[in-house]
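**Q** Before we start, here is the structure in question, set down as structure tokens.
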Amino acid sequence: MCAAAAAGGGRAAARRLGRARGAAGVSQPHSTAGILRRSSRRRKSIAIAYESAPGDGAEQGTPEPQRPRWEPRDWRQQLERIREMRRSRDAPVDEMGVQKCYDSSAPPQNKVKYIKQTTAILKQKYGGDIPRTVEELVQLPGVGPKMAHLAMTIAWDSVSGIAVDTHVHRITNRLKWVKKETRYPEETRVALEDWLPRDLWREINWLLVGFGQQTCLPVNPRCSHCLNQDLCPAAKRC
């Protein structure tokens, strides 16, 4: 009986010692199989930084990798050369007053009708002023996205988008500033805004309209006078 009690007391003491060692961080001997099983479990719980599960990055504040943004080839150099060609500011767009700032292709009867309708709306709804948003501007008779974005820039000093007319549409397609050829100015606007830095949106209309009036003409463009003749995909090779 005494031996059994002593053995029981020894086992209890051993258990207490084991708990004490565990609390103090002292390792204890284990069987090889037990060590392998625990080691395997520990390995499975190790997180690998570059193999995070979907959503882990957002939870930990790590930004997800972004794909490189598409940009046209040589566009910065082409832009600088267009700025150089427009430095004199002597294109028709640079000298137009409001008496000439209209769409010459629109039938005269439509112009009169639109002006009368628009002035009545502005007086009734806006106190004689003009709307402050593109959404409201395009609701006015005869006003499209191009004029709405121009009005936002000129009247309210707010760059809401790129004003794309026939010149901007034609030239950006010739220079391949759009990922694929566009058929309409509004398509071109969306394509340009997808990659062109926003701080250039205000400038691009004025630059390209004048460039289109003087050099990059709709018919028989003056490629021999263009500084971009070696970079333009549409340049005539003489």
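If you're wondering about the labels, chains in the structure tokens are A, B, ... by order shown, residues count from 1 in each chain, ligands from 1 in order shown.
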Residues at most 9 Å from Met147 of chain A, counting only C-alpha atoms, excluding those fewer than 2 positions away in the same chain, as a ChimeraX atom specification?
**A** /A:137-138,143-145,149-152,163-165
**Q** Please dump the current selection as a PDB file, in the first residue's frame; keep N, CA, C and O atoms.
**A**
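Printed below is part.pdb as written:
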ATOM      1  N   LEU A 137     -26.976  70.106 -68.214  1.00  0.00           N
ATOM      2  CA  LEU A 137     -26.641  70.833 -69.442  1.00  0.00           C
ATOM      3  C   LEU A 137     -27.087  70.072 -70.687  1.00  0.00           C
ATOM      4  O   LEU A 137     -27.605  70.670 -71.634  1.00  0.00           O
ATOM      5  N   VAL A 138     -26.887  68.765 -70.705  1.00  0.00           N
ATOM      6  CA  VAL A 138     -27.245  68.009 -71.908  1.00  0.00           C
ATOM      7  C   VAL A 138     -28.757  67.877 -72.077  1.00  0.00           C
ATOM      8  O   VAL A 138     -29.221  67.410 -73.123  1.00  0.00           O
ATOM      9  N   VAL A 143     -27.772  70.887 -76.927  1.00  0.00           N
ATOM     10  CA  VAL A 143     -26.515  70.793 -76.178  1.00  0.00           C
ATOM     11  C   VAL A 143     -26.135  69.323 -76.016  1.00  0.00           C
ATOM     12  O   VAL A 143     -26.892  68.540 -75.444  1.00  0.00           O
ATOM     13  N   GLY A 144     -24.958  68.969 -76.520  1.00  0.00           N
ATOM     14  CA  GLY A 144     -24.448  67.608 -76.400  1.00  0.00           C
ATOM     15  C   GLY A 144     -23.311  67.532 -75.396  1.00  0.00           C
ATOM     16  O   GLY A 144     -22.956  68.538 -74.767  1.00  0.00           O
ATOM     17  N   PRO A 145     -22.699  66.358 -75.233  1.00  0.00           N
ATOM     18  CA  PRO A 145     -21.615  66.197 -74.262  1.00  0.00           C
ATOM     19  C   PRO A 145     -20.438  67.136 -74.485  1.00  0.00           C
ATOM     20  O   PRO A 145     -19.885  67.666 -73.525  1.00  0.00           O
ATOM     21  N   HIS A 149     -19.288  69.745 -71.556  1.00  0.00           N
ATOM     22  CA  HIS A 149     -17.982  69.730 -70.886  1.00  0.00           C
ATOM     23  C   HIS A 149     -17.240  71.051 -71.098  1.00  0.00           C
ATOM     24  O   HIS A 149     -16.552  71.522 -70.181  1.00  0.00           O
ATOM     25  N   LEU A 150     -17.381  71.649 -72.260  1.00  0.00           N
ATOM     26  CA  LEU A 150     -16.779  72.963 -72.484  1.00  0.00           C
ATOM     27  C   LEU A 150     -17.391  74.008 -71.555  1.00  0.00           C
ATOM     28  O   LEU A 150     -16.685  74.837 -70.981  1.00  0.00           O
ATOM     29  N   ALA A 151     -18.712  73.978 -71.426  1.00  0.00           N
ATOM     30  CA  ALA A 151     -19.392  74.936 -70.564  1.00  0.00           C
ATOM     31  C   ALA A 151     -18.956  74.766 -69.112  1.00  0.00           C
ATOM     32  O   ALA A 151     -18.743  75.755 -68.391  1.00  0.00           O
ATOM     33  N   MET A 152     -18.813  73.532 -68.668  1.00  0.00           N
ATOM     34  CA  MET A 152     -18.365  73.297 -67.301  1.00  0.00           C
ATOM     35  C   MET A 152     -16.973  73.880 -67.060  1.00  0.00           C
ATOM     36  O   MET A 152     -16.695  74.463 -66.013  1.00  0.00           O
ATOM     37  N   ALA A 163     -13.756  67.525 -73.823  1.00  0.00           N
ATOM     38  CA  ALA A 163     -14.660  67.969 -74.884  1.00  0.00           C
ATOM     39  C   ALA A 163     -14.122  67.460 -76.216  1.00  0.00           C
ATOM     40  O   ALA A 163     -13.078  67.913 -76.689  1.00  0.00           O
ATOM     41  N   VAL A 164     -14.830  66.523 -76.814  1.00  0.00           N
ATOM     42  CA  VAL A 164     -14.367  65.896 -78.057  1.00  0.00           C
ATOM     43  C   VAL A 164     -15.260  66.323 -79.210  1.00  0.00           C
ATOM     44  O   VAL A 164     -16.445  65.993 -79.251  1.00  0.00           O
ATOM     45  N   ASP A 165     -14.683  67.061 -80.144  1.00  0.00           N
ATOM     46  CA  ASP A 165     -15.400  67.425 -81.380  1.00  0.00           C
ATOM     47  C   ASP A 165     -14.805  66.624 -82.529  1.00  0.00           C
ATOM     48  O   ASP A 165     -14.047  65.670 -82.323  1.00  0.00           O
TER      49      ASP A 165
END
**Q** One decimal, Å: what's the distance from atom CA of Val168 of chain A over to atom CA of Glu181 of chain A, could you say?
**A**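 Atom CA of Val168 of chain A sits 13.2 Å away from atom CA of Glu181 of chain A.
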**Q** Skip Leu140 of chain A itself and residues of its chain fewer than 4 positions away, then list as a PyMOL selection string all residues within 8 Å of it, counting only C-alpha atoms.
**A** chain A and resi 118+121+136
**Q** Residues within 8 Å of Ile162 of chain A, please, as a list in words. Count only C-alpha atoms; anything in the same chain fewer than 6 positions from it doesn't count.
**A** Lys146, His149, Arg189, Leu192, Glu193, Trp201, Arg202, Ile204 and Asn205 of chain A
**Q** Please dump the current selection as a short mmCIF file (atom, residue, chain, number, x, y, z; two decimals), in the first residue's frame; keep N, CA, C and O atoms.
**A**
data_model
loop_
_atom_site.label_atom_id
_atom_site.label_comp_id
_atom_site.auth_asym_id
_atom_site.auth_seq_id
_atom_site.Cartn_x
_atom_site.Cartn_y
_atom_site.Cartn_z
N LYS A 146 -20.06 67.35 -75.76
CA LYS A 146 -18.92 68.24 -76.03
C LYS A 146 -19.16 69.63 -75.47
O LYS A 146 -18.34 70.18 -74.72
N HIS A 149 -19.29 69.74 -71.56
CA HIS A 149 -17.98 69.73 -70.89
C HIS A 149 -17.24 71.05 -71.10
O HIS A 149 -16.55 71.52 -70.18
N ARG A 189 -14.23 60.11 -76.50
CA ARG A 189 -14.11 60.72 -75.17
C ARG A 189 -13.91 59.65 -74.10
O ARG A 189 -13.00 59.76 -73.26
N LEU A 192 -10.40 58.11 -74.40
CA LEU A 192 -9.33 59.01 -73.96
C LEU A 192 -9.30 59.14 -72.44
O LEU A 192 -8.23 59.11 -71.81
N GLU A 193 -10.46 59.30 -71.83
CA GLU A 193 -10.52 59.48 -70.39
C GLU A 193 -10.07 58.24 -69.63
O GLU A 193 -9.72 58.32 -68.46
N TRP A 201 -6.87 67.13 -69.34
CA TRP A 201 -8.20 67.15 -69.96
C TRP A 201 -8.61 68.56 -70.39
O TRP A 201 -9.25 68.74 -71.42
N ARG A 202 -8.26 69.56 -69.60
CA ARG A 202 -8.65 70.93 -69.94
C ARG A 202 -7.96 71.42 -71.22
O ARG A 202 -8.54 72.09 -72.05
N ILE A 204 -6.51 69.61 -73.75
CA ILE A 204 -6.43 68.79 -74.95
C ILE A 204 -7.37 69.26 -76.06
O ILE A 204 -7.03 69.19 -77.24
N ASN A 205 -8.55 69.77 -75.70
CA ASN A 205 -9.48 70.24 -76.73
C ASN A 205 -8.90 71.42 -77.49
O ASN A 205 -8.86 71.43 -78.72
#
**Q** Point out the residue among A:Leu122, A:Gln78, A:Gly127, A:Trp206 with the least atom-to-atom distance to Ile154 of chain A, counting only C-alpha atoms.
**A**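 Counting only C-alpha atoms, the residue closest to Ile154 of chain A is A:Trp206.
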**Q** Between A:Gln229, A:Asn220, A:Thr182, A:Gln214, single out the one closest to Arg86 of chain A, counting only C-alpha atoms.
**A** A:Gln214
**Q** From the DSSP assignment of the backbone, select every residue of segment 79-210 of chain A that is helix (DSSP H, G or I), and format the answer as number ranges by chain.
**A** A: 79-85, 92-95, 108-126, 134-137, 145-156, 166-174, 185-193, 198-210
**Q** Any chance you could export the current selection's C-alpha atoms as a short mmCIF file (atom, residue, chain, number, x, y, z; two decimals), in the first residue's frame?
**A**
data_model
loop_
_atom_site.label_atom_id
_atom_site.label_comp_id
_atom_site.auth_asym_id
_atom_site.auth_seq_id
_atom_site.Cartn_x
_atom_site.Cartn_y
_atom_site.Cartn_z
CA LEU A 79 1.89 65.96 -77.29
CA GLU A 80 4.96 68.11 -76.73
CA ARG A 81 5.38 68.55 -80.47
CA ILE A 82 1.73 69.57 -80.88
CA ARG A 83 2.23 72.14 -78.11
CA GLU A 84 5.20 73.48 -80.03
CA MET A 85 3.16 73.77 -83.23
CA PRO A 92 -9.26 80.16 -85.89
CA VAL A 93 -10.23 78.67 -82.53
CA ASP A 94 -7.86 81.13 -80.84
CA GLU A 95 -9.60 84.16 -82.38
CA PRO A 108 -30.26 77.65 -89.38
CA GLN A 109 -33.88 76.98 -88.39
CA ASN A 110 -32.70 74.55 -85.69
CA LYS A 111 -30.30 77.11 -84.25
CA VAL A 112 -33.06 79.67 -83.82
CA LYS A 113 -35.40 77.09 -82.33
CA TYR A 114 -32.78 75.80 -79.88
CA ILE A 115 -31.78 79.29 -78.77
CA LYS A 116 -35.38 80.30 -78.10
CA GLN A 117 -36.16 77.11 -76.20
CA THR A 118 -32.94 77.22 -74.19
CA THR A 119 -33.27 80.86 -73.15
CA ALA A 120 -36.82 80.21 -71.92
CA ILE A 121 -35.64 77.20 -69.87
CA LEU A 122 -32.70 79.10 -68.40
CA LYS A 123 -34.91 82.00 -67.37
CA GLN A 124 -37.57 79.78 -65.84
CA LYS A 125 -35.45 77.11 -64.11
CA TYR A 126 -32.06 78.72 -63.50
CA VAL A 134 -23.22 67.97 -67.24
CA GLU A 135 -26.39 65.97 -66.63
CA GLU A 136 -28.49 69.14 -66.59
CA LEU A 137 -26.64 70.83 -69.44
CA PRO A 145 -21.62 66.20 -74.26
CA LYS A 146 -18.92 68.24 -76.03
CA MET A 147 -20.60 71.57 -75.36
CA ALA A 148 -21.59 70.51 -71.85
CA HIS A 149 -17.98 69.73 -70.89
CA LEU A 150 -16.78 72.96 -72.48
CA ALA A 151 -19.39 74.94 -70.56
CA MET A 152 -18.37 73.30 -67.30
CA THR A 153 -14.73 74.24 -67.91
CA ILE A 154 -15.27 77.79 -69.19
CA ALA A 155 -18.28 78.89 -67.13
CA TRP A 156 -17.73 77.01 -63.87
CA THR A 166 -14.65 66.25 -84.91
CA HIS A 167 -11.04 67.52 -84.74
CA VAL A 168 -10.23 65.75 -81.46
CA HIS A 169 -11.98 62.60 -82.71
CA ARG A 170 -10.09 62.57 -86.02
CA ILE A 171 -6.64 63.39 -84.66
CA THR A 172 -6.67 60.98 -81.72
CA ASN A 173 -7.65 58.16 -84.07
CA ARG A 174 -4.87 59.10 -86.49
CA PRO A 185 -16.80 61.47 -80.70
CA GLU A 186 -18.49 60.19 -77.55
CA GLU A 187 -16.73 56.83 -77.95
CA THR A 188 -13.48 58.73 -78.33
CA ARG A 189 -14.11 60.72 -75.17
CA VAL A 190 -14.61 57.56 -73.12
CA ALA A 191 -11.50 55.94 -74.64
CA LEU A 192 -9.33 59.01 -73.96
CA GLU A 193 -10.52 59.48 -70.39
CA ARG A 198 -6.79 64.16 -65.78
CA ASP A 199 -4.58 67.25 -65.52
CA LEU A 200 -4.44 67.30 -69.35
CA TRP A 201 -8.20 67.15 -69.96
CA ARG A 202 -8.65 70.93 -69.94
CA GLU A 203 -5.88 71.57 -72.44
CA ILE A 204 -6.43 68.79 -74.95
CA ASN A 205 -9.48 70.24 -76.73
CA TRP A 206 -7.91 73.62 -77.39
CA LEU A 207 -4.63 72.05 -78.54
CA LEU A 208 -6.12 69.54 -80.95
CA VAL A 209 -8.84 71.76 -82.39
CA GLY A 210 -6.30 74.36 -83.46
#
